[in-house]
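Down below is the structure, laid out as structure tokens.
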Amino acid sequence: MENRSCSACLIKSKAAESLIDNELELLGQNCVEVAFERGETLFKQDALSSNIIYLQKGLVKIIMQGPQRKQILRLKKAPCYLGVPTTMGDKINHYSAVALEPTTVCFIDLGAFKSLLRLNTEFSYEIIVELCKNELEQFHRCVTLVQNQIFGRLAVNLLYMANTIYHSGEFDLPLSRNELADLICTSRETVSRMLSELDQDGIIEVNGKHIRLIDTKKLEEISKNG
DNA sequence: GCATTAACCACAG
DNA sequence: CTGTGGTTAATGC
């Protein structure tokens with residue numbers, strides 16, 4: 001197997017920035033880079049997991065099969081780590097990850113990852129920070145989903161895509177209406193209706209998957225009150 | 001009661 | 001895969 005030269009990598013994680021030469025070597029010997037197309041599964045719920053995944057480039061959806069239906073837990077954009085909780089926390093994956101656009105990831109051997117956590121405290125620290133930020137985001141998402149009405153939930157997620165994922169008020173939805181419904185816990189019909197209603201009210205412009213935010217102020221209001 | 005919200009069903013592009 | 005219309009159940013004045 002060809003060794004990765006992680007030291008030369010230009011898209012190192014913040015944690016990996018703090019690794020020294022021989023640690024990067026260890027990482028390089030124990031990781032593999034893989035490219036995925038849109039729709040391909042990076043890892044699957046219920047499968048044995050023995051890798052930590054570093055999402056180098058791209059966008060994925062994290063999904064969990066519930067008792068009733070599929071739930072989209074959240075979208076994750078590179079660069080970030082995936083599967084730390086599900087790989088460290090149990091033998092099998094508790095959720096799946098599917099690419100939403102061409103995506104590049106590094107599969108890191110769990111043993112090597114654990115070694116790095118022990119060897120380099122700065123590395124561990126950065127991993128903990130990332131995990132904590134994730135947990136906070138999840139808590140907020142949870143409260144939004146439970147307490148906001150659907151307009152509010154939709155608005156929050158449109159703003160998230162514009163601000164955090166695409167850094168633009170104009171973007172193409174990476175999800176179908178159905179998936180968007182799975183993300184904000186509603187039905188696909190309701191998503192369709194709400195999008196056209198926001199369009200009619202001149203708050204956003206909808207053209208199939210293409211979205212343009214027009215009245216961001218209003219949308220923010222809806223995201224807080226609706 | 002009456003209005004609102006949102007799910008479910010059916011059917012058409 | 002989407003959009004729309006009708007129906008219905010739950011909840012709140």
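Each chain in the structure tokens gets a letter, A, B, ..., in the order shown, and its residues are numbered from 1; ligands are numbered from 1 in order too.
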### Query
Out of chain A, which residues get alpha helix (DSSP H) from DSSP, as an MDAnalysis selection string?
chainID A and resid 14:17 21:29 84:88 110:119 121:147 150:160 177:184 188:200 216:225
### Message
Residues of chain B were defined as contacting chain A if any atom lay at most 10 Å from it, counting only C-alpha atoms (C1' of nucleotides); please report them as a PyMOL selection string.
### Response
chain B and resi 5-8
I'd like the contact shell of A:Pro79 - 7 Å cut-off, only C-alpha atoms (C1' of nucleotides), skipping same-chain residues fewer than 5 positions apart - returned as a PDB file with C-alpha atoms, in the first residue's frame.
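Below is the file that was written, part.pdb:
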```pdb
ATOM      1  CA  SER A  13      -7.432  19.669   9.635  1.00  0.00           C
ATOM      2  CA  LEU A  55     -13.914  14.937   5.160  1.00  0.00           C
ATOM      3  CA  GLN A  56     -11.405  16.784   3.020  1.00  0.00           C
ATOM      4  CA  LYS A  57     -13.610  18.220   0.326  1.00  0.00           C
TER       5      LYS A  57
END
```
### Query
For chain A, which residues have at least one atom within 9 Å of chain C, if we go by only C-alpha atoms (C1' of nucleotides)? Write them as number ranges by chain, please.
A: 176-178, 189, 192-193, 208
#### Entry: DSSP strand (DSSP E) residues within chain A, as JSON, numbers by chain
{"A": [31, 32, 33, 34, 35, 36, 41, 42, 43, 51, 52, 53, 54, 55, 56, 57, 59, 60, 61, 62, 63, 64, 65, 70, 71, 72, 73, 74, 75, 76, 77, 80, 81, 82, 96, 97, 98, 99, 103, 104, 105, 106, 107, 108, 109, 170, 171, 172, 204, 205, 206, 207, 210, 211, 212, 213]}
#### Entry: Atomic distance atom CA of A:Glu220 - atom CA of A:Ala97, expressed in Å with one decimal
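Interatomic distance, atom CA of A:Glu220 to atom CA of A:Ala97: 29.1 Å.
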